[in-house]
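Trainee: I am sharing my_file.cif, which consists of mmCIF, C-alpha atoms and all ligand atoms:
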```
data_final
loop_
_atom_site.label_atom_id
_atom_site.label_comp_id
_atom_site.auth_asym_id
_atom_site.auth_seq_id
_atom_site.Cartn_x
_atom_site.Cartn_y
_atom_site.Cartn_z
CA MET A 1 0.00 0.00 0.00
CA ASN A 2 1.57 3.33 -1.03
CA ARG A 3 1.48 6.47 1.08
CA LEU A 4 -0.21 8.70 -1.47
CA ILE A 5 -3.44 10.32 -0.27
CA SER A 6 -5.50 12.47 -2.60
CA PHE A 7 -7.89 15.17 -1.42
CA GLU A 8 -10.98 15.67 -3.56
CA GLY A 9 -14.24 17.57 -3.74
CA VAL A 10 -16.01 20.47 -5.42
CA ASP A 11 -14.38 23.90 -5.43
CA GLY A 12 -14.93 25.45 -1.99
CA CYS A 13 -15.23 22.11 -0.11
CA GLY A 14 -12.40 23.03 2.30
CA LYS A 15 -9.98 20.24 1.33
CA SER A 16 -6.88 22.46 1.12
CA THR A 17 -7.25 23.59 4.75
CA GLN A 18 -7.67 19.97 5.80
CA LEU A 19 -4.65 18.88 3.77
CA ASN A 20 -2.48 21.30 5.74
CA LEU A 21 -3.92 20.06 9.04
CA ALA A 22 -3.30 16.44 8.01
CA ALA A 23 0.30 17.28 7.14
CA GLU A 24 0.85 18.86 10.57
CA TRP A 25 -0.77 15.89 12.26
CA LEU A 26 1.47 13.38 10.45
CA LYS A 27 4.59 15.49 11.05
CA GLY A 28 3.67 15.60 14.74
CA ARG A 29 3.90 11.82 14.70
CA GLY A 30 7.45 12.04 13.32
CA GLU A 31 6.48 11.28 9.71
CA GLN A 32 7.99 12.82 6.60
CA VAL A 33 5.32 14.58 4.54
CA VAL A 34 5.28 16.16 1.10
CA CYS A 35 2.29 18.37 0.24
CA THR A 36 1.51 18.89 -3.39
CA PHE A 37 -1.35 19.80 -5.74
CA GLU A 38 -2.72 19.57 -9.27
CA PRO A 39 -2.53 21.21 -11.61
CA GLY A 40 0.76 23.08 -11.39
CA ASP A 41 3.31 21.73 -8.92
CA THR A 42 6.23 21.29 -11.33
CA SER A 43 7.96 23.91 -13.51
CA LEU A 44 6.18 22.59 -16.60
CA GLY A 45 2.95 22.18 -14.64
CA LYS A 46 3.06 25.82 -13.56
CA GLU A 47 2.89 26.84 -17.21
CA ILE A 48 0.13 24.31 -17.94
CA ARG A 49 -1.86 25.61 -14.96
CA GLN A 50 -1.59 29.16 -16.18
CA LEU A 51 -2.76 28.13 -19.67
CA LEU A 52 -5.61 26.08 -18.25
CA LEU A 53 -6.99 28.25 -15.51
CA ALA A 54 -6.03 31.91 -15.89
CA GLY A 55 -8.80 32.54 -18.40
CA GLU A 56 -6.71 33.89 -21.26
CA PHE A 57 -7.46 30.73 -23.27
CA VAL A 58 -10.58 28.59 -23.35
CA PRO A 59 -9.40 25.15 -24.45
CA VAL A 60 -11.92 22.85 -26.11
CA PRO A 61 -12.92 20.07 -23.66
CA GLU A 62 -10.66 17.51 -25.36
CA ALA A 63 -7.63 19.81 -25.08
CA GLU A 64 -8.54 20.63 -21.48
CA LEU A 65 -8.52 16.92 -20.61
CA LEU A 66 -5.18 16.30 -22.30
CA MET A 67 -3.58 19.27 -20.56
CA PHE A 68 -4.68 18.08 -17.10
CA LEU A 69 -3.27 14.65 -17.97
CA ALA A 70 0.03 16.11 -19.20
CA ASP A 71 0.33 17.99 -15.92
CA ARG A 72 -0.37 14.75 -14.01
CA ALA A 73 2.22 12.60 -15.79
CA GLN A 74 4.90 15.25 -15.23
CA HIS A 75 3.82 15.60 -11.61
CA VAL A 76 3.88 11.85 -10.91
CA ARG A 77 7.33 11.29 -12.35
CA GLU A 78 8.95 14.49 -11.13
CA ARG A 79 7.40 14.97 -7.68
CA ILE A 80 5.18 12.16 -6.44
CA LEU A 81 7.26 9.08 -7.22
CA PRO A 82 10.54 10.47 -5.85
CA ALA A 83 8.75 11.54 -2.65
CA LEU A 84 7.10 8.13 -2.21
CA ASP A 85 10.43 6.40 -2.91
CA SER A 86 12.06 8.48 -0.17
CA GLY A 87 9.50 7.11 2.31
CA ALA A 88 7.44 10.28 2.66
CA TRP A 89 3.67 10.52 2.83
CA VAL A 90 2.41 12.45 -0.17
CA LEU A 91 -0.72 14.55 0.31
CA CYS A 92 -2.03 15.61 -3.07
CA ASP A 93 -4.68 18.30 -3.53
CA ARG A 94 -6.71 16.78 -6.44
CA TYR A 95 -5.79 13.85 -8.69
CA THR A 96 -7.54 11.53 -11.17
CA ASP A 97 -10.95 11.72 -9.47
CA SER A 98 -11.01 15.43 -10.34
CA THR A 99 -10.46 14.58 -14.01
CA LEU A 100 -13.26 12.03 -13.85
CA ALA A 101 -15.58 14.56 -12.23
CA TYR A 102 -14.68 17.75 -14.14
CA GLN A 103 -13.71 16.56 -17.62
CA LEU A 104 -15.42 13.20 -18.07
CA ALA A 105 -18.61 13.99 -16.17
CA ALA A 106 -19.13 17.76 -16.03
CA ARG A 107 -17.72 18.43 -19.51
CA LYS A 108 -19.47 15.25 -20.66
CA LEU A 109 -16.36 13.84 -22.34
CA GLY A 110 -17.21 10.46 -20.88
CA GLU A 111 -20.25 10.29 -23.15
CA GLY A 112 -19.58 8.74 -26.52
CA ALA A 113 -15.84 9.41 -26.70
CA GLY A 114 -14.97 5.76 -26.17
CA ASP A 115 -13.42 4.50 -22.97
CA LEU A 116 -11.14 7.21 -21.63
CA HIS A 117 -10.26 5.39 -18.42
CA GLU A 118 -7.22 3.75 -20.00
CA MET A 119 -5.89 7.19 -20.83
CA LEU A 120 -6.42 8.37 -17.25
CA ARG A 121 -4.51 5.35 -16.02
CA PHE A 122 -1.72 6.04 -18.52
CA ALA A 123 -1.25 9.55 -17.10
CA GLU A 124 -0.95 8.14 -13.56
CA CYS A 125 2.22 6.26 -14.57
CA GLY A 126 1.20 3.38 -12.31
CA VAL A 127 0.50 5.51 -9.24
CA THR A 128 -3.00 5.33 -7.75
CA PRO A 129 -3.59 6.77 -4.27
CA SER A 130 -4.22 4.11 -1.67
CA LEU A 131 -6.64 6.52 0.01
CA THR A 132 -8.76 9.32 -1.40
CA LEU A 133 -10.53 11.66 0.98
CA TRP A 134 -13.68 13.05 -0.57
CA PHE A 135 -14.91 16.22 1.13
CA ASP A 136 -18.62 16.07 0.54
CA VAL A 137 -20.50 19.34 0.84
CA PRO A 138 -23.65 20.63 -0.88
CA VAL A 139 -22.80 22.73 -3.92
CA ALA A 140 -24.76 25.69 -2.54
CA VAL A 141 -22.58 25.71 0.62
CA ALA A 142 -19.37 25.40 -1.44
CA MET A 143 -20.47 28.21 -3.76
CA GLY A 144 -21.22 30.41 -0.76
CA ARG A 145 -17.67 29.86 0.51
CA MET A 146 -16.25 30.66 -2.93
CA LYS A 147 -18.23 33.89 -3.02
CA LYS A 148 -16.82 34.91 0.37
CA ARG A 149 -13.28 34.18 -0.85
CA ALA A 150 -13.85 36.27 -3.96
CA GLU A 151 -15.15 39.14 -1.80
CA ALA A 152 -11.99 38.84 0.30
CA GLY A 153 -9.96 39.38 -2.87
CA GLU A 154 -9.00 35.81 -3.83
CA LYS A 155 -8.82 35.41 -7.59
CA ALA A 156 -11.25 32.87 -9.04
CA THR A 157 -10.07 30.43 -11.73
CA ARG A 158 -11.76 29.87 -15.08
CA LEU A 159 -13.42 26.74 -13.67
CA ASP A 160 -14.56 28.40 -10.44
CA ASP A 161 -16.59 30.71 -12.67
CA GLU A 162 -18.53 27.89 -14.32
CA ALA A 163 -22.33 27.79 -13.82
CA GLU A 164 -23.88 26.12 -10.79
CA SER A 165 -25.15 23.30 -13.04
CA PHE A 166 -21.52 22.48 -13.92
CA HIS A 167 -20.56 22.26 -10.23
CA GLN A 168 -23.67 20.11 -9.63
CA ARG A 169 -22.47 17.64 -12.25
CA VAL A 170 -19.03 17.60 -10.58
CA ALA A 171 -20.63 16.90 -7.19
CA HIS A 172 -22.82 14.16 -8.61
CA ALA A 173 -19.79 12.50 -10.22
CA PHE A 174 -17.89 12.47 -6.91
CA THR A 175 -20.89 10.77 -5.29
CA GLU A 176 -20.95 8.11 -8.00
CA GLN A 177 -17.20 7.53 -7.76
CA PHE A 178 -17.49 7.06 -4.00
CA GLU A 179 -20.32 4.58 -4.49
CA SER A 180 -18.32 2.53 -6.98
CA ASP A 181 -14.99 2.56 -5.11
CA SER A 182 -15.71 2.95 -1.41
CA GLY A 183 -12.68 0.80 -0.52
CA ARG A 184 -10.31 3.53 -1.70
CA ILE A 185 -12.50 6.60 -1.24
CA ALA A 186 -13.49 7.77 2.25
CA ARG A 187 -16.39 10.21 2.51
CA ILE A 188 -15.89 13.12 4.87
CA ASN A 189 -18.87 15.27 5.79
CA ALA A 190 -17.35 18.66 4.99
CA GLU A 191 -20.32 20.69 6.17
CA ALA A 192 -19.08 20.43 9.76
CA ASP A 193 -16.71 23.05 11.24
CA ILE A 194 -12.95 22.76 10.62
CA GLU A 195 -12.35 20.71 13.77
CA GLY A 196 -15.29 18.41 13.12
CA VAL A 197 -14.08 17.75 9.61
CA PHE A 198 -10.54 17.10 10.83
CA ARG A 199 -11.75 14.56 13.42
CA GLN A 200 -13.32 12.53 10.61
CA LEU A 201 -10.14 12.80 8.55
CA GLU A 202 -8.03 11.58 11.47
CA GLN A 203 -10.33 8.56 11.90
CA ALA A 204 -10.12 7.77 8.19
CA LEU A 205 -6.30 7.88 8.24
CA LYS A 206 -6.07 5.73 11.35
CA ARG A 207 -8.53 3.20 9.98
CA HIS A 208 -7.07 3.00 6.50
CA PHE A 209 -3.40 2.77 7.46
CA SER A 210 -3.97 0.94 10.77
CA LEU A 211 -2.28 3.77 12.70
CA PRO A 212 -2.50 3.73 16.50
P1 LIG B 1 -7.45 25.35 -7.74
O1 LIG B 1 -7.32 26.83 -7.69
O2 LIG B 1 -6.24 24.54 -7.41
O3 LIG B 1 -8.74 24.98 -6.94
P2 LIG B 1 -9.06 24.05 -5.74
O4 LIG B 1 -8.46 24.72 -4.53
O5 LIG B 1 -10.55 24.00 -5.74
O6 LIG B 1 -8.45 22.70 -6.03
O7 LIG B 1 -7.96 24.97 -9.19
C1 LIG B 1 -7.93 23.74 -9.72
C2 LIG B 1 -9.13 23.63 -10.66
O8 LIG B 1 -8.84 22.67 -11.67
C3 LIG B 1 -10.39 23.19 -9.96
O9 LIG B 1 -11.47 23.96 -10.42
C4 LIG B 1 -10.57 21.77 -10.42
C5 LIG B 1 -9.90 21.75 -11.75
N1 LIG B 1 -9.35 20.44 -12.16
C6 LIG B 1 -9.93 19.78 -13.25
O10 LIG B 1 -10.89 20.28 -13.86
N2 LIG B 1 -9.42 18.59 -13.64
C7 LIG B 1 -8.36 18.01 -13.02
O11 LIG B 1 -7.91 16.91 -13.42
C8 LIG B 1 -7.76 18.70 -11.91
C9 LIG B 1 -6.58 18.11 -11.20
C10 LIG B 1 -8.30 19.91 -11.51
#
```
Kindly present the structure from the file in structure tokens form.
Ligand code: TYD
Mentor:
Amino acid sequence: MNRLISFEGVDGCGKSTQLNLAAEWLKGRGEQVVCTFEPGDTSLGKEIRQLLLAGEFVPVPEAELLMFLADRAQHVRERILPALDSGAWVLCDRYTDSTLAYQLAARKLGEGAGDLHEMLRFAECGVTPSLTLWFDVPVAVAMGRMKKRAEAGEKATRLDDEAESFHQRVAHAFTEQFESDSGRIARINAEADIEGVFRQLEQALKRHFSLP
């Protein structure tokens, strides 16, 4: 079982805050931890992220999918694999489940384009997280949080600005993924306060990795 944990959910679900708390918790137990994210945590990925999300370009859905996958392959080989090989835990903000939810489901690329799952696996270069934490929150709550962030001056990405129906399709896809792979994916009720969410995360980590 590898030590890669992905953090997933709709925009505004609170996963990034929880990722940082999880990192501190593991470090407090004397573990080595590498925190990373997609898209954009390599030099090439930084450029891909800018092209994908800054809003200057609007890639067609097929190009959008391929760019997220290019970012992933680079990320796996350059950052994730070396970190796992060094014995560190790798906490990754978004991974393949985001591609399934945003590109295959919300952009509807999964309909009629043949089976794209092989391609998603190809981009993972053999690395699937042994645990995925899915921060489940109603879209309306997540969108409310995003609005507050925007009011506080945080810049929204091109995808944050998609219609509510898009984010609903993303949320629905995460629910379906959880239902079809509940051995790997743990559902966290992300409507609770930060501490309440973290308590669930801690339980999921302990259970999944048999930690004391
Ligand atoms: P980011 O600012 O990192 O948002 P968040 O904190 O919500 O993760 O933006 C990443 C965006 O990219 C987010 O809207 C989800 C989207 N995304 C995809 O559409 N497909 C993918 O494969 C990945 C990894 C992310």
Trainee: Hey, which of A:His172, A:Arg187, A:Arg29, A:Arg77 ends up closest to Phe135 in chain A? Count all atoms listed in the file.
Mentor: A:Arg187
Trainee: Could you work out an axis-aligned bounding box for all listed atoms of ligand LIG 1 (chain B), with 3 Å added on each of the six sides, and give its centre and edge lengths in Å to one decimal, as JSON?
Mentor:
```
{"center_x": -8.9, "center_y": 21.9, "center_z": -9.2, "size_x": 11.2, "size_y": 15.9, "size_z": 15.3}
```
Trainee: Hey, which residues sit close to ligand LIG 1 (chain B)? Say within 9 Å, counting only C-alpha atoms and all ligand atoms, and write them as a PyMOL selection string.
Mentor: chain A and resi 7-16+37-40+49+52-53+64-65+67-69+71-72+93-103+106+155-162
Trainee: Calculate how many Å separate CA of Glu78 in chain A from CA of Thr42 in chain A, rounding to one decimal.
Mentor: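 CA of Thr42 in chain A lies at a distance of 7.3 Å from CA of Glu78 in chain A.
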Trainee: What's the separation between CA of Glu124 in chain A and CA of Leu91 in chain A, in Å to one decimal place?
Mentor: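 Between CA of Glu124 in chain A and CA of Leu91 in chain A the gap is 15.3 Å.
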Trainee: For Gln200 in chain A, please output as a short mmCIF file (atom, residue, chain, number, x, y, z; two decimals) with C-alpha atoms, keeping the file's coordinate frame all residues within 8 Å (counting all atoms listed in the file; exclusion window: fewer than 3 positions along the same chain).
Mentor:
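File produced: part_23.cif:
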```cif
data_model
loop_
_atom_site.label_atom_id
_atom_site.label_comp_id
_atom_site.auth_asym_id
_atom_site.auth_seq_id
_atom_site.Cartn_x
_atom_site.Cartn_y
_atom_site.Cartn_z
CA ILE A 188 -15.89 13.12 4.87
CA ASN A 189 -18.87 15.27 5.79
CA GLY A 196 -15.29 18.41 13.12
CA VAL A 197 -14.08 17.75 9.61
CA GLN A 203 -10.33 8.56 11.90
CA ALA A 204 -10.12 7.77 8.19
#
```
Trainee: Just to confirm, what's the straight-line distance from CA of Val34 in chain A to CA of Val90 in chain A in Å (one decimal)?
Mentor: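 Rounded to one decimal, the two atoms are 4.9 Å apart.
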